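Visitor: Handing over structure_13.tsv, TSV, C-alpha atoms and all ligand atoms.
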chain	number	residue	atom	x	y	z
A	1	MET	CA	-52.48	-38.46	-66.62
A	2	ILE	CA	-55.05	-38.67	-63.86
A	3	ASP	CA	-54.84	-36.10	-61.09
A	4	TYR	CA	-55.65	-37.86	-57.84
A	5	SER	CA	-54.01	-35.19	-55.71
A	6	SER	CA	-57.32	-33.47	-54.92
A	7	TRP	CA	-59.30	-36.65	-54.25
A	8	ARG	CA	-60.69	-36.74	-50.74
A	9	HIS	CA	-63.17	-39.61	-51.08
A	10	VAL	CA	-63.20	-42.73	-53.22
A	11	PHE	CA	-65.66	-45.61	-53.40
A	12	LYS	CA	-64.09	-49.02	-54.01
A	13	LEU	CA	-66.26	-51.47	-55.89
A	14	ASP	CA	-65.64	-55.20	-55.92
A	15	PRO	CA	-66.35	-56.95	-59.25
A	16	ASP	CA	-67.15	-60.12	-57.30
A	17	LYS	CA	-70.08	-58.48	-55.48
A	18	GLU	CA	-73.57	-57.67	-56.72
A	19	LEU	CA	-74.81	-54.10	-57.00
A	20	ASP	CA	-77.98	-53.25	-58.90
A	21	ASP	CA	-78.15	-50.38	-61.37
A	22	ALA	CA	-79.96	-48.00	-59.02
A	23	ALA	CA	-77.38	-48.53	-56.29
A	24	LEU	CA	-74.53	-48.19	-58.73
A	25	GLU	CA	-75.98	-44.95	-60.04
A	26	ALA	CA	-76.31	-43.59	-56.52
A	27	VAL	CA	-72.66	-44.44	-55.83
A	28	CYS	CA	-71.36	-42.96	-59.09
A	29	GLU	CA	-73.44	-39.78	-58.78
A	30	SER	CA	-72.79	-39.33	-55.06
A	31	GLY	CA	-70.15	-36.65	-55.47
A	32	THR	CA	-67.31	-39.04	-54.67
A	33	ASP	CA	-64.07	-38.15	-56.44
A	34	ALA	CA	-63.49	-41.51	-58.12
A	35	ILE	CA	-64.53	-45.12	-58.36
A	36	MET	CA	-61.76	-47.61	-57.75
A	37	ILE	CA	-62.46	-51.13	-58.91
A	38	GLY	CA	-60.56	-53.80	-57.05
A	39	GLY	CA	-60.73	-56.79	-54.78
A	40	THR	CA	-58.80	-59.79	-53.62
A	41	GLN	CA	-60.97	-62.81	-54.42
A	42	GLY	CA	-63.00	-63.85	-57.44
A	43	ILE	CA	-61.67	-61.09	-59.71
A	44	THR	CA	-61.91	-62.07	-63.37
A	45	TYR	CA	-61.56	-60.28	-66.70
A	46	ASP	CA	-65.28	-60.68	-67.35
A	47	ASN	CA	-66.60	-59.36	-64.05
A	48	THR	CA	-64.10	-56.47	-64.12
A	49	LEU	CA	-65.08	-55.55	-67.70
A	50	GLU	CA	-68.77	-55.75	-66.86
A	51	LEU	CA	-68.44	-53.50	-63.83
A	52	MET	CA	-66.25	-51.02	-65.71
A	53	SER	CA	-68.81	-50.76	-68.51
A	54	ARG	CA	-71.57	-50.04	-66.04
A	55	VAL	CA	-69.52	-47.41	-64.17
A	56	ARG	CA	-68.58	-45.84	-67.51
A	57	ARG	CA	-72.21	-44.70	-68.00
A	58	HIS	CA	-71.37	-42.03	-65.44
A	59	ALA	CA	-68.89	-39.17	-65.62
A	60	VAL	CA	-66.98	-40.05	-62.43
A	61	PRO	CA	-63.33	-41.10	-62.96
A	62	ALA	CA	-62.87	-44.87	-62.89
A	63	VAL	CA	-59.58	-46.53	-61.98
A	64	LEU	CA	-58.54	-50.15	-61.65
A	65	GLU	CA	-56.48	-51.39	-58.75
A	66	ILE	CA	-54.76	-54.36	-60.31
A	67	SER	CA	-54.83	-57.53	-58.26
A	68	SER	CA	-54.83	-60.16	-60.97
A	69	LEU	CA	-52.91	-60.34	-64.20
A	70	GLN	CA	-55.91	-62.09	-65.72
A	71	ALA	CA	-58.15	-59.10	-65.06
A	72	ILE	CA	-56.34	-56.15	-66.61
A	73	VAL	CA	-59.10	-54.52	-68.65
A	74	PRO	CA	-58.34	-51.62	-70.99
A	75	GLY	CA	-60.47	-48.49	-70.79
A	76	PHE	CA	-59.91	-47.21	-67.25
A	77	ASP	CA	-58.72	-43.67	-66.54
A	78	ALA	CA	-55.75	-45.04	-64.61
A	79	TYR	CA	-54.27	-48.24	-63.21
A	80	PHE	CA	-53.12	-48.40	-59.61
A	81	ILE	CA	-50.41	-51.00	-59.13
A	82	PRO	CA	-49.88	-52.15	-55.55
A	83	LEU	CA	-46.48	-53.11	-54.17
A	84	VAL	CA	-47.16	-54.80	-50.85
A	85	LEU	CA	-44.63	-53.16	-48.54
A	86	ASN	CA	-45.00	-55.68	-45.73
A	87	ALA	CA	-45.54	-58.81	-47.80
A	88	GLY	CA	-44.13	-61.84	-45.96
A	89	ASP	CA	-44.07	-63.63	-49.27
A	90	PRO	CA	-41.60	-61.59	-51.33
A	91	ASP	CA	-43.25	-62.75	-54.53
A	92	TRP	CA	-45.98	-60.22	-53.74
A	93	ILE	CA	-43.57	-57.35	-54.01
A	94	PHE	CA	-42.31	-57.68	-57.59
A	95	ALA	CA	-42.97	-61.11	-59.09
A	96	PRO	CA	-46.43	-60.36	-60.56
A	97	HIS	CA	-45.15	-57.05	-61.87
A	98	VAL	CA	-42.31	-58.73	-63.76
A	99	LYS	CA	-44.73	-61.29	-65.20
A	100	GLY	CA	-47.20	-58.57	-66.15
A	101	LEU	CA	-44.58	-56.44	-67.86
A	102	GLN	CA	-43.26	-59.42	-69.77
A	103	ALA	CA	-46.75	-59.90	-71.16
A	104	PHE	CA	-48.00	-56.32	-71.49
A	105	GLY	CA	-44.90	-54.12	-71.17
A	106	SER	CA	-44.97	-52.81	-74.69
A	107	TYR	CA	-48.69	-51.89	-74.63
A	108	LEU	CA	-48.63	-49.84	-71.46
A	109	HIS	CA	-49.29	-46.13	-71.36
A	110	TRP	CA	-47.03	-45.23	-68.48
A	111	GLU	CA	-48.80	-41.95	-67.86
A	112	ASP	CA	-51.85	-44.00	-66.79
A	113	ILE	CA	-49.92	-46.05	-64.24
A	114	VAL	CA	-49.88	-45.08	-60.56
A	115	SER	CA	-47.62	-47.09	-58.24
A	116	GLU	CA	-49.04	-47.67	-54.82
A	117	GLY	CA	-47.08	-48.77	-51.75
A	118	TYR	CA	-49.54	-51.03	-49.96
A	119	LEU	CA	-49.29	-51.39	-46.20
A	120	VAL	CA	-51.57	-54.17	-45.00
A	121	VAL	CA	-52.32	-53.50	-41.35
A	122	ASN	CA	-55.32	-55.74	-40.59
A	123	PRO	CA	-53.92	-59.28	-40.25
A	124	ASP	CA	-57.37	-60.80	-40.80
A	125	ALA	CA	-57.96	-59.18	-44.19
A	126	ALA	CA	-58.00	-61.50	-47.20
A	127	VAL	CA	-55.11	-59.54	-48.72
A	128	ALA	CA	-53.06	-60.07	-45.53
A	129	LYS	CA	-53.51	-63.83	-45.77
A	130	LEU	CA	-52.82	-63.89	-49.50
A	131	THR	CA	-49.56	-61.93	-49.20
A	132	GLN	CA	-48.66	-63.35	-45.76
A	133	ALA	CA	-48.40	-59.76	-44.59
A	134	LYS	CA	-46.00	-59.20	-41.71
A	135	PRO	CA	-47.74	-57.67	-38.70
A	136	VAL	CA	-47.16	-53.94	-38.29
A	137	ALA	CA	-46.00	-53.66	-34.69
A	138	ASP	CA	-46.88	-50.05	-33.92
A	139	ARG	CA	-47.12	-46.50	-35.20
A	140	ASP	CA	-43.35	-46.08	-35.37
A	141	GLU	CA	-42.99	-49.11	-37.58
A	142	ALA	CA	-45.82	-47.93	-39.81
A	143	LYS	CA	-44.07	-44.58	-40.14
A	144	ALA	CA	-40.84	-46.36	-41.10
A	145	TYR	CA	-42.71	-48.26	-43.82
A	146	MET	CA	-44.03	-44.93	-45.03
A	147	ARG	CA	-40.49	-43.58	-45.23
A	148	VAL	CA	-39.33	-46.64	-47.14
A	149	ALA	CA	-42.11	-46.02	-49.65
A	150	ALA	CA	-41.82	-42.25	-49.89
A	151	LYS	CA	-38.12	-41.65	-49.50
A	152	ILE	CA	-36.35	-44.84	-50.55
A	153	CYS	CA	-38.68	-46.14	-53.24
A	154	ARG	CA	-40.02	-42.66	-54.06
A	155	LEU	CA	-43.48	-44.03	-54.65
A	156	PRO	CA	-46.12	-41.39	-55.45
A	157	THR	CA	-48.81	-43.00	-53.29
A	158	VAL	CA	-49.19	-45.21	-50.24
A	159	TYR	CA	-52.37	-47.06	-49.31
A	160	ILE	CA	-52.89	-47.91	-45.64
A	161	GLU	CA	-55.11	-50.97	-45.89
A	162	TYR	CA	-57.21	-52.00	-42.89
A	163	SER	CA	-59.83	-53.67	-45.12
A	164	GLY	CA	-62.79	-54.78	-43.01
A	165	VAL	CA	-61.89	-53.01	-39.76
A	166	TYR	CA	-61.67	-49.37	-38.79
A	167	GLY	CA	-58.05	-48.47	-38.20
A	168	ASP	CA	-56.04	-46.36	-35.81
A	169	PRO	CA	-56.16	-42.69	-36.89
A	170	GLU	CA	-52.98	-42.05	-34.88
A	171	LEU	CA	-51.11	-44.64	-36.96
A	172	VAL	CA	-52.38	-42.99	-40.14
A	173	LYS	CA	-51.36	-39.59	-38.75
A	174	ALA	CA	-47.86	-40.92	-38.01
A	175	CYS	CA	-47.61	-42.12	-41.61
A	176	LYS	CA	-48.86	-38.81	-42.94
A	177	SER	CA	-46.20	-36.98	-40.94
A	178	ALA	CA	-43.55	-38.90	-42.92
A	179	ALA	CA	-45.30	-38.74	-46.29
A	180	GLU	CA	-43.53	-35.65	-47.65
A	181	GLY	CA	-45.47	-35.34	-50.88
A	182	CYS	CA	-46.42	-38.99	-51.15
A	183	HIS	CA	-50.22	-39.16	-51.44
A	184	LEU	CA	-51.78	-41.15	-48.59
A	185	PHE	CA	-54.86	-43.28	-49.14
A	186	TYR	CA	-56.64	-44.89	-46.19
A	187	GLY	CA	-59.14	-47.74	-46.55
A	188	GLY	CA	-60.87	-49.96	-44.03
A	189	GLY	CA	-64.03	-50.20	-41.99
A	190	ILE	CA	-65.46	-46.73	-42.61
A	191	ARG	CA	-69.18	-47.04	-41.86
A	192	THR	CA	-70.22	-43.71	-40.37
A	193	PRO	CA	-69.85	-40.01	-41.23
A	194	GLU	CA	-67.79	-39.53	-38.08
A	195	GLN	CA	-65.32	-42.25	-39.02
A	196	ALA	CA	-65.10	-40.79	-42.52
A	197	ARG	CA	-64.39	-37.32	-41.14
A	198	ASN	CA	-61.83	-38.52	-38.64
A	199	MET	CA	-59.81	-40.48	-41.19
A	200	ALA	CA	-60.14	-37.75	-43.81
A	201	ALA	CA	-58.55	-35.40	-41.27
A	202	VAL	CA	-55.35	-37.47	-41.28
A	203	ALA	CA	-55.27	-39.11	-44.74
A	204	ASP	CA	-55.31	-37.37	-48.11
A	205	THR	CA	-58.02	-39.68	-49.47
A	206	ILE	CA	-60.34	-42.11	-47.74
A	207	VAL	CA	-61.59	-45.22	-49.52
A	208	VAL	CA	-64.98	-46.66	-48.64
A	209	GLY	CA	-65.78	-50.24	-49.67
A	210	ASN	CA	-67.84	-52.90	-47.91
A	211	ILE	CA	-70.49	-50.64	-46.44
A	212	ILE	CA	-71.74	-49.94	-49.99
A	213	TYR	CA	-72.99	-53.52	-50.09
A	214	GLU	CA	-74.30	-53.60	-46.54
A	215	ASP	CA	-75.97	-50.23	-46.06
A	216	LEU	CA	-75.99	-48.04	-49.15
A	217	GLN	CA	-77.46	-44.99	-47.42
A	218	ALA	CA	-74.75	-45.10	-44.75
A	219	ALA	CA	-72.12	-45.38	-47.48
A	220	LEU	CA	-73.50	-42.34	-49.31
A	221	LYS	CA	-73.40	-40.27	-46.12
A	222	THR	CA	-69.61	-40.68	-45.95
A	223	VAL	CA	-69.27	-38.51	-49.07
A	224	ASP	CA	-70.91	-35.45	-47.56
A	225	ALA	CA	-69.07	-36.00	-44.31
A	226	VAL	CA	-65.78	-35.60	-46.11
A	227	LYS	CA	-66.81	-32.98	-48.64
A	228	ARG	CA	-68.86	-30.73	-46.36
A	229	GLY	CA	-67.19	-31.53	-43.04
A	301	LIG	C1	-60.74	-52.33	-49.13
A	301	LIG	O1	-59.65	-50.41	-48.23
A	301	LIG	C2	-60.81	-50.86	-48.87
A	301	LIG	O2	-59.67	-52.61	-49.99
A	301	LIG	C3	-62.03	-50.43	-48.14
A	301	LIG	O3	-62.19	-51.16	-46.94
A	301	LIG	O4	-64.19	-52.50	-47.49
A	301	LIG	O5	-63.49	-52.15	-45.09
A	301	LIG	O6	-64.45	-50.26	-46.44
A	301	LIG	P1	-63.66	-51.54	-46.44
Could you rewrite the structure in this file as structure tokens?
Ligand code: 1GP

Guide:
Amino acid sequence: MIDYSSWRHVFKLDPDKELDDAALEAVCESGTDAIMIGGTQGITYDNTLELMSRVRRHAVPAVLEISSLQAIVPGFDAYFIPLVLNAGDPDWIFAPHVKGLQAFGSYLHWEDIVSEGYLVVNPDAAVAKLTQAKPVADRDEAKAYMRVAAKICRLPTVYIEYSGVYGDPELVKACKSAAEGCHLFYGGGIRTPEQARNMAAVADTIVVGNIIYEDLQAALKTVDAVKRG
């Protein structure tokens, strides 16, 4: 079973985006705690397998955040399975999971599965549109979602997803205050060491995505910011 409890920094790679070997090596050897492969659009079995094989040349743990039943590739260290807490379309809470377990239920190694309560806070993110995410009104409501995940559903992890924009550290802090042992991931809009540090001060793990493809050197600096303070 993977131990994500000490992860402070994760790079998220999108199989639908190009990254040359030198850049991928820099990301994998950066000192980040793990590579998470995931995305919302254009995710296929082939591009996920290809990216996994390339990441596998390096020792860093590699996990898949499942977003498509067609792209569940064996060989990852763990599989993160999102349950979209604020999905407006209830089919995004359990329907794909039921379908997936009908197909793959008997092959699963449950010790490799990590359930992830997903709170989609940026209404403009692709995942918000896809799941018709209900707007999160304020910090109190976010905290209540956190409690639903941690205390009612007893999920081991929650992912505060601001994908594309830098979020409100006070909202993340409010969620953390209600986490009670539930591991809190934050992802969205981290582009500078300062942003990385500030979010890492309130979340257990920060996830850095897009900036890898826009400014690799800036992305790499977020690792040291979190690891060395
Ligand atoms: C996306 O939370 C991750 O799922 C990271 O967000 O791409 O905005 O860094 P960014």

Visitor: Of the candidates A:Ala174, A:Val127, A:Ile66, A:Val158, which shows the shortest atom-to-atom distance to ligand LIG 301 (chain A), using all atoms listed in the file?

Guide: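 The closest residue to ligand LIG 301 (chain A) is A:Val127.
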
Visitor: Residues contacting ligand LIG 301 (chain A) - anything with an atom at most 6 Å away, using all atoms listed in the file - can you give me those as a PDB file with C-alpha atoms, keeping the file's coordinate frame?

Guide:
ATOM      1  CA  GLU A 161     -55.110 -50.970 -45.890  1.00  0.00           C
ATOM      2  CA  SER A 163     -59.830 -53.670 -45.120  1.00  0.00           C
ATOM      3  CA  GLY A 164     -62.790 -54.780 -43.010  1.00  0.00           C
ATOM      4  CA  VAL A 165     -61.890 -53.010 -39.760  1.00  0.00           C
ATOM      5  CA  GLY A 187     -59.140 -47.740 -46.550  1.00  0.00           C
ATOM      6  CA  GLY A 188     -60.870 -49.960 -44.030  1.00  0.00           C
ATOM      7  CA  GLY A 189     -64.030 -50.200 -41.990  1.00  0.00           C
ATOM      8  CA  ILE A 190     -65.460 -46.730 -42.610  1.00  0.00           C
ATOM      9  CA  VAL A 207     -61.590 -45.220 -49.520  1.00  0.00           C
ATOM     10  CA  VAL A 208     -64.980 -46.660 -48.640  1.00  0.00           C
ATOM     11  CA  GLY A 209     -65.780 -50.240 -49.670  1.00  0.00           C
ATOM     12  CA  ASN A 210     -67.840 -52.900 -47.910  1.00  0.00           C
TER      13      ASN A 210
END

Visitor: Contacts of Arg197 of chain A at 7 Å or less, counting only C-alpha atoms, minus same-chain residues fewer than 6 places along, as a PyMOL selection string?

Guide: chain A and resi 225-226+229

Visitor: Report, in Å with one decimal, the straight-line distance from atom CA of Lys173 of chain A to atom CA of Leu64 of chain A.

Guide: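 Computing the Euclidean distance for atom CA of Lys173 of chain A and atom CA of Leu64 of chain A yields 26.2 Å.
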
Visitor: Would you pick out the contacts of Ala128 of chain A at 12 Å or less, using all atoms listed in the file, so that residues sharing its chain but fewer than 4 positions from it are not included, and give the list as a list in words?

Guide: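 These residues fall inside the cut-off: Thr40, Val84, Leu85, Asn86, Ala87, Gly88, Asp89, Trp92, Tyr118, Leu119, Val120, Val121, Asn122, Pro123, Asp124, Gln132, Ala133, Lys134, Pro135, Val136, Glu161, Tyr162, Ser163 and Gly164 of chain A.
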
Visitor: Using all atoms listed in the file for the distances, tell me which of A:Ser6, A:Ser53, A:Gln70, A:Thr205 is nearest to Gly100 of chain A.

Guide: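 Under the stated criterion, the closest residue is A:Gln70.
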
Visitor: Between A:Ile212, A:Gly105, A:Ile160, A:Ser177, which has the minimum distance to Lys17 of chain A (counting all atoms listed in the file)?

Guide: A:Ile212

Visitor: Can you work out which one of A:Ile2, A:Leu24, A:Ala59, A:Met36 has the shortest atom-to-atom distance to Asp77 of chain A, counting only C-alpha atoms?

Guide: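 Of all the options, A:Ile2 lies closest to Asp77 of chain A.
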
Visitor: Can you work out which one of A:Ala26, A:Ile35, A:Ala103, A:Val202 has the shortest atom-to-atom distance to Asp14 of chain A, counting all atoms listed in the file?

Guide: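 Ranking A:Ala26, A:Ile35, A:Ala103, A:Val202 by distance to Asp14 of chain A, first place goes to A:Ile35.
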
Visitor: For the atom pair atom CA of Gly75 of chain A and atom CA of Arg8 of chain A, what is the interatomic distance in Å to one decimal place?

Guide: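 A separation of 23.2 Å between them.
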
Visitor: Looking at only C-alpha atoms, which of A:His58, A:Lys176, A:Lys227, A:Lys129 is the one that sits closest to Arg147 of chain A?

Guide: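 Once distances to Arg147 of chain A are computed over only C-alpha atoms, the minimum belongs to A:Lys176.
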
Visitor: Box in all listed atoms of segment 85-94 of chain A, axis-aligned, with 3 Å more on each side; write out centre and edge lengths in Å to one decimal as lines of an AutoDock Vina configuration file.

Guide:
center_x = -43.8
center_y = -58.4
center_z = -51.7
size_x = 10.4
size_y = 16.5
size_z = 17.9

Visitor: Excluding same-chain residues fewer than 5 positions from Ala78 of chain A, what lies within 6 Å of it counting only C-alpha atoms, as a tab-separated table (two decimals) with C-alpha atoms, in the coordinates of the input?

Guide:
chain	number	residue	atom	x	y	z
A	63	VAL	CA	-59.58	-46.53	-61.98
A	112	ASP	CA	-51.85	-44.00	-66.79
A	113	ILE	CA	-49.92	-46.05	-64.24

Visitor: Report, in Å to a single decimal, how far apart atom CA of Tyr186 of chain A and atom CA of His9 of chain A are.

Guide: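 Separating atom CA of His9 of chain A from atom CA of Tyr186 of chain A is a distance of 9.7 Å.
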
Visitor: For Asp20 of chain A, list every protein, DNA or RNA residue within 12 Å, evaluated using only C-alpha atoms, and leave out those in the same chain fewer than 6 positions away; present the list as JSON, numbers by chain.

Guide: {"A": [26, 27, 51, 54, 55, 212, 213, 216]}
